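**Q** Got a structure for you, structure_34.pdb, holding PDB, C-alpha atoms and all ligand atoms.
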ATOM      1  CA  MET U   1      21.899 -55.689   1.070  1.00  0.00           C
ATOM      2  CA  ASN U   2      23.396 -53.480  -1.628  1.00  0.00           C
ATOM      3  CA  PRO U   3      22.408 -55.004  -4.987  1.00  0.00           C
ATOM      4  CA  LEU U   4      25.206 -53.093  -6.707  1.00  0.00           C
ATOM      5  CA  LEU U   5      27.666 -55.380  -4.906  1.00  0.00           C
ATOM      6  CA  CYS U   6      25.871 -58.592  -5.945  1.00  0.00           C
ATOM      7  CA  ILE U   7      27.946 -60.930  -8.103  1.00  0.00           C
ATOM      8  CA  ALA U   8      24.917 -61.708 -10.248  1.00  0.00           C
ATOM      9  CA  TYR U   9      24.276 -58.014 -10.861  1.00  0.00           C
ATOM     10  CA  ASN U  10      27.882 -57.334 -11.718  1.00  0.00           C
ATOM     11  CA  SER U  11      28.384 -60.410 -13.871  1.00  0.00           C
ATOM     12  CA  TYR U  12      25.303 -60.160 -16.035  1.00  0.00           C
ATOM     13  CA  TYR U  13      22.864 -57.311 -15.319  1.00  0.00           C
ATOM     14  CA  ASP U  14      25.283 -54.411 -15.357  1.00  0.00           C
ATOM     15  CA  GLU U  15      26.465 -53.891 -18.936  1.00  0.00           C
ATOM     16  CA  ALA U  16      29.512 -51.875 -17.892  1.00  0.00           C
ATOM     17  CA  LEU U  17      32.829 -53.424 -16.946  1.00  0.00           C
ATOM     18  CA  THR U  18      32.924 -54.620 -13.355  1.00  0.00           C
ATOM     19  CA  PRO U  19      34.212 -51.799 -11.134  1.00  0.00           C
ATOM     20  CA  ARG U  20      37.934 -52.285 -10.481  1.00  0.00           C
ATOM     21  CA  ARG U  21      37.409 -52.317  -6.683  1.00  0.00           C
ATOM     22  CA  LEU U  22      35.130 -55.407  -6.986  1.00  0.00           C
ATOM     23  CA  ARG U  23      37.112 -57.451  -9.497  1.00  0.00           C
ATOM     24  CA  GLU U  24      39.327 -59.335  -7.077  1.00  0.00           C
ATOM     25  CA  GLN U  25      36.458 -59.960  -4.663  1.00  0.00           C
ATOM     26  CA  MET U  26      34.386 -61.536  -7.435  1.00  0.00           C
ATOM     27  CA  GLY U  27      36.942 -64.310  -7.729  1.00  0.00           C
ATOM     28  CA  THR U  28      36.192 -66.740 -10.533  1.00  0.00           C
ATOM     29  CA  TRP U  29      32.441 -66.253 -10.698  1.00  0.00           C
ATOM     30  CA  ILE U  30      31.447 -65.334 -14.252  1.00  0.00           C
ATOM     31  CA  TYR U  31      27.654 -65.723 -14.249  1.00  0.00           C
ATOM     32  CA  GLY U  32      26.133 -64.952 -10.883  1.00  0.00           C
ATOM     33  CA  CYS U  33      26.904 -67.054  -7.844  1.00  0.00           C
ATOM     34  CA  ASP U  34      23.520 -68.013  -6.305  1.00  0.00           C
ATOM     35  CA  ARG U  35      24.911 -68.666  -2.836  1.00  0.00           C
ATOM     36  CA  CYS U  36      21.738 -66.899  -1.686  1.00  0.00           C
ATOM     37  CA  GLN U  37      19.717 -69.601  -3.413  1.00  0.00           C
ATOM     38  CA  GLU U  38      21.783 -72.323  -1.754  1.00  0.00           C
ATOM     39  CA  VAL U  39      21.236 -70.997   1.769  1.00  0.00           C
ATOM     40  CA  CYS U  40      17.601 -69.944   1.395  1.00  0.00           C
ATOM     41  CA  PRO U  41      15.490 -72.116   3.769  1.00  0.00           C
ATOM     42  CA  ARG U  42      12.754 -72.454   1.167  1.00  0.00           C
ATOM     43  CA  ASN U  43      15.200 -74.139  -1.211  1.00  0.00           C
ATOM     44  CA  GLN U  44      16.535 -76.674   1.283  1.00  0.00           C
ATOM     45  CA  PRO U  45      14.229 -79.578   0.337  1.00  0.00           C
ATOM     46  CA  TRP U  46      15.527 -79.306  -3.216  1.00  0.00           C
ATOM     47  CA  MET U  47      19.138 -78.566  -2.252  1.00  0.00           C
ATOM     48  CA  ASN U  48      19.336 -81.582   0.078  1.00  0.00           C
ATOM     49  CA  GLN U  49      18.379 -84.084  -2.598  1.00  0.00           C
ATOM     50  CA  GLU U  50      21.002 -86.436  -3.967  1.00  0.00           C
ATOM     51  CA  LEU U  51      20.609 -85.805  -7.671  1.00  0.00           C
ATOM     52  CA  PRO U  52      22.403 -87.694 -10.422  1.00  0.00           C
ATOM     53  CA  VAL U  53      24.908 -85.923 -12.640  1.00  0.00           C
ATOM     54  CA  ASN U  54      23.118 -84.415 -15.611  1.00  0.00           C
ATOM     55  CA  PRO U  55      24.828 -85.958 -18.658  1.00  0.00           C
ATOM     56  CA  LYS U  56      23.674 -83.210 -21.024  1.00  0.00           C
ATOM     57  CA  LEU U  57      25.209 -80.534 -18.818  1.00  0.00           C
ATOM     58  CA  SER U  58      28.368 -82.553 -18.209  1.00  0.00           C
ATOM     59  CA  ALA U  59      28.877 -82.831 -21.951  1.00  0.00           C
ATOM     60  CA  ARG U  60      28.858 -79.020 -22.201  1.00  0.00           C
ATOM     61  CA  VAL U  61      31.591 -78.313 -19.648  1.00  0.00           C
ATOM     62  CA  GLY U  62      34.217 -77.639 -22.314  1.00  0.00           C
ATOM     63  CA  ASP U  63      32.015 -74.960 -23.873  1.00  0.00           C
ATOM     64  CA  PHE U  64      32.262 -72.965 -20.645  1.00  0.00           C
ATOM     65  CA  LYS U  65      35.959 -73.206 -19.846  1.00  0.00           C
ATOM     66  CA  LEU U  66      37.290 -69.759 -19.002  1.00  0.00           C
ATOM     67  CA  THR U  67      39.870 -69.859 -21.791  1.00  0.00           C
ATOM     68  CA  THR U  68      37.219 -71.001 -24.283  1.00  0.00           C
ATOM     69  CA  ILE U  69      34.873 -68.196 -23.259  1.00  0.00           C
ATOM     70  CA  LEU U  70      37.598 -65.586 -23.488  1.00  0.00           C
ATOM     71  CA  SER U  71      38.656 -66.601 -27.006  1.00  0.00           C
ATOM     72  CA  MET U  72      35.268 -67.702 -28.391  1.00  0.00           C
ATOM     73  CA  ASP U  73      33.919 -66.462 -31.707  1.00  0.00           C
ATOM     74  CA  ASN U  74      30.347 -65.268 -32.187  1.00  0.00           C
ATOM     75  CA  ASP U  75      29.219 -68.674 -33.502  1.00  0.00           C
ATOM     76  CA  HIS U  76      30.323 -70.371 -30.269  1.00  0.00           C
ATOM     77  CA  TYR U  77      28.614 -67.714 -28.196  1.00  0.00           C
ATOM     78  CA  VAL U  78      25.305 -67.650 -30.082  1.00  0.00           C
ATOM     79  CA  ASN U  79      24.972 -71.437 -30.481  1.00  0.00           C
ATOM     80  CA  LYS U  80      26.578 -72.882 -27.357  1.00  0.00           C
ATOM     81  CA  VAL U  81      26.653 -70.290 -24.587  1.00  0.00           C
ATOM     82  CA  TRP U  82      23.752 -67.941 -25.074  1.00  0.00           C
ATOM     83  CA  PRO U  83      20.950 -70.574 -25.372  1.00  0.00           C
ATOM     84  CA  MET U  84      21.734 -71.759 -21.833  1.00  0.00           C
ATOM     85  CA  THR U  85      22.553 -68.405 -20.265  1.00  0.00           C
ATOM     86  CA  PHE U  86      20.334 -65.762 -21.748  1.00  0.00           C
ATOM     87  CA  TYR U  87      20.556 -63.111 -18.996  1.00  0.00           C
ATOM     88  CA  ILE U  88      23.409 -61.624 -21.011  1.00  0.00           C
ATOM     89  CA  SER U  89      22.071 -60.504 -24.383  1.00  0.00           C
ATOM     90  CA  LYS U  90      22.857 -62.272 -27.630  1.00  0.00           C
ATOM     91  CA  GLU U  91      24.745 -59.162 -28.747  1.00  0.00           C
ATOM     92  CA  ASN U  92      26.916 -58.897 -25.640  1.00  0.00           C
ATOM     93  CA  ALA U  93      29.445 -61.724 -25.860  1.00  0.00           C
ATOM     94  CA  CYS U  94      32.067 -59.205 -24.712  1.00  0.00           C
ATOM     95  CA  LYS U  95      30.444 -59.144 -21.234  1.00  0.00           C
ATOM     96  CA  TRP U  96      31.143 -62.872 -20.967  1.00  0.00           C
ATOM     97  CA  GLN U  97      34.678 -62.359 -22.217  1.00  0.00           C
ATOM     98  CA  ALA U  98      35.345 -59.555 -19.736  1.00  0.00           C
ATOM     99  CA  ASN U  99      34.077 -61.814 -16.940  1.00  0.00           C
ATOM    100  CA  ALA U 100      36.295 -64.676 -18.134  1.00  0.00           C
ATOM    101  CA  ALA U 101      39.324 -62.363 -18.325  1.00  0.00           C
ATOM    102  CA  ARG U 102      38.698 -61.132 -14.782  1.00  0.00           C
ATOM    103  CA  ALA U 103      38.232 -64.710 -13.504  1.00  0.00           C
ATOM    104  CA  LEU U 104      41.409 -65.916 -15.211  1.00  0.00           C
ATOM    105  CA  GLY U 105      43.287 -62.987 -13.700  1.00  0.00           C
ATOM    106  CA  ASN U 106      41.966 -63.881 -10.273  1.00  0.00           C
ATOM    107  CA  LEU U 107      43.166 -67.464 -10.688  1.00  0.00           C
ATOM    108  CA  GLY U 108      46.658 -66.037 -10.819  1.00  0.00           C
ATOM    109  CA  ASP U 109      47.951 -68.739 -13.172  1.00  0.00           C
ATOM    110  CA  ARG U 110      50.508 -67.014 -15.389  1.00  0.00           C
ATOM    111  CA  THR U 111      50.116 -69.678 -18.107  1.00  0.00           C
ATOM    112  CA  HIS U 112      46.848 -67.924 -19.013  1.00  0.00           C
ATOM    113  CA  ILE U 113      48.543 -64.637 -19.837  1.00  0.00           C
ATOM    114  CA  PRO U 114      48.773 -65.357 -23.609  1.00  0.00           C
ATOM    115  CA  VAL U 115      45.025 -65.920 -23.933  1.00  0.00           C
TER     116      VAL U 115
HETATM  117  S1  LIG U 201      24.752 -64.673  -2.798  1.00  0.00           S
HETATM  118 FE1  LIG U 201      23.123 -63.959  -4.146  1.00  0.00          FE
HETATM  119  S2  LIG U 201      22.889 -61.791  -3.591  1.00  0.00           S
HETATM  120 FE2  LIG U 201      24.891 -62.460  -2.827  1.00  0.00          FE
HETATM  121  S3  LIG U 201      26.369 -61.988  -4.451  1.00  0.00           S
HETATM  122 FE3  LIG U 201      25.695 -64.105  -4.773  1.00  0.00          FE
HETATM  123  S4  LIG U 201      23.960 -63.938  -6.232  1.00  0.00           S
HETATM  124 FE4  LIG U 201      24.306 -61.903  -5.347  1.00  0.00          FE
END
Give the structure from the file, written as structure tokens.
**A**
Amino acid sequence: MNPLLCIAYNSYYDEALTPRRLREQMGTWIYGCDRCQEVCPRNQPWMNQELPVNPKLSARVGDFKLTTILSMDNDHYVNKVWPMTFYISKENACKWQANAARALGNLGDRTHIPV
């Protein structure tokens, strides 16, 4: 495995912009992907459980919409995004925004062009 091609590495560990050759392949992932966690045999007992929807997380969905992330101010980032997703530093909201811009581009929906 080449870790430099990992979606997690490219979406939050590498502080540079995602290399152009990987942007389309990364699709709409903006904060890792964790498929490796989903297929790992050691995780199967947990993954196979029927778990209820987490109401606290469900209530936060709007905070993580791609268009919200792309146009967020620092207050939104520091108080709503960063506390749940601290692999990207508190000072690096632009990494999130670059990921959201790339994901919106990969959706191919031209109504997102203004944002
Ligand atoms: S499956 Fe795991 S190793 Fe592969 S790209 Fe996703 S996070 Fe990275």
**Q** Of the residues U:Arg35, U:Gln97, U:Pro45, U:Glu91, which is the one nearest to Phe64 of chain U, using all atoms listed in the file?
**A**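 Nearest to Phe64 of chain U: U:Gln97.
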**Q** I need the output of the PyMOL selection byres (((not hetatm)) within 6 of (chain U and resi 201)) for this file as a ChimeraX atom specification; which residues are they?
**A** /U:6-8,32-36
**Q** If we count all atoms listed in the file and set the cut-off at 12 Å, which residues sit around Phe86 of chain U, ignoring sequence neighbours fewer than 4 positions away in its own chain? Please answer as a ChimeraX atom specification.
**A** /U:12-13,31,77-82,90-93,96
**Q** Taking the file as I've supplied it (selection: the PyMOL selection byres (((chain U and resi 5) around 12) and not hetatm)), which residues are included? Please answer as a PyMOL selection string.
**A** chain U and resi 1-4+6-11+13-14+18-19+21-23+25-26+32
**Q** In Å, how far is it from atom CA of Leu104 of chain U to atom CA of Val53 of chain U?
**A**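 Interatomic distance here is 26.1 Å.
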**Q** For a test of reading the model, state the distance in Å between atom CA of Asp75 of chain U and atom CA of His112 of chain U, rounded to one decimal.
**A**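 Atom-to-atom, atom CA of Asp75 of chain U and atom CA of His112 of chain U are spaced 22.8 Å apart.
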**Q** Check the smallest atom-to-atom distance from each of U:Leu57, U:Met72, U:Leu51, U:Glu15 to Tyr87 of chain U using only C-alpha atoms, then report the winner.
**A** U:Glu15
**Q** Taking (42.4, -65.2, -25.2) in the file's coordinates, which residues come within 8 Å, counting all atoms listed in the file, written as a ChimeraX atom specification?
**A** /U:67-68,70-71,114-115
**Q** So how far away is atom CA of Gly108 of chain U from atom CA of Asp73 of chain U, in Å?
**A**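 Atom CA of Gly108 of chain U lies at a distance of 24.5 Å from atom CA of Asp73 of chain U.
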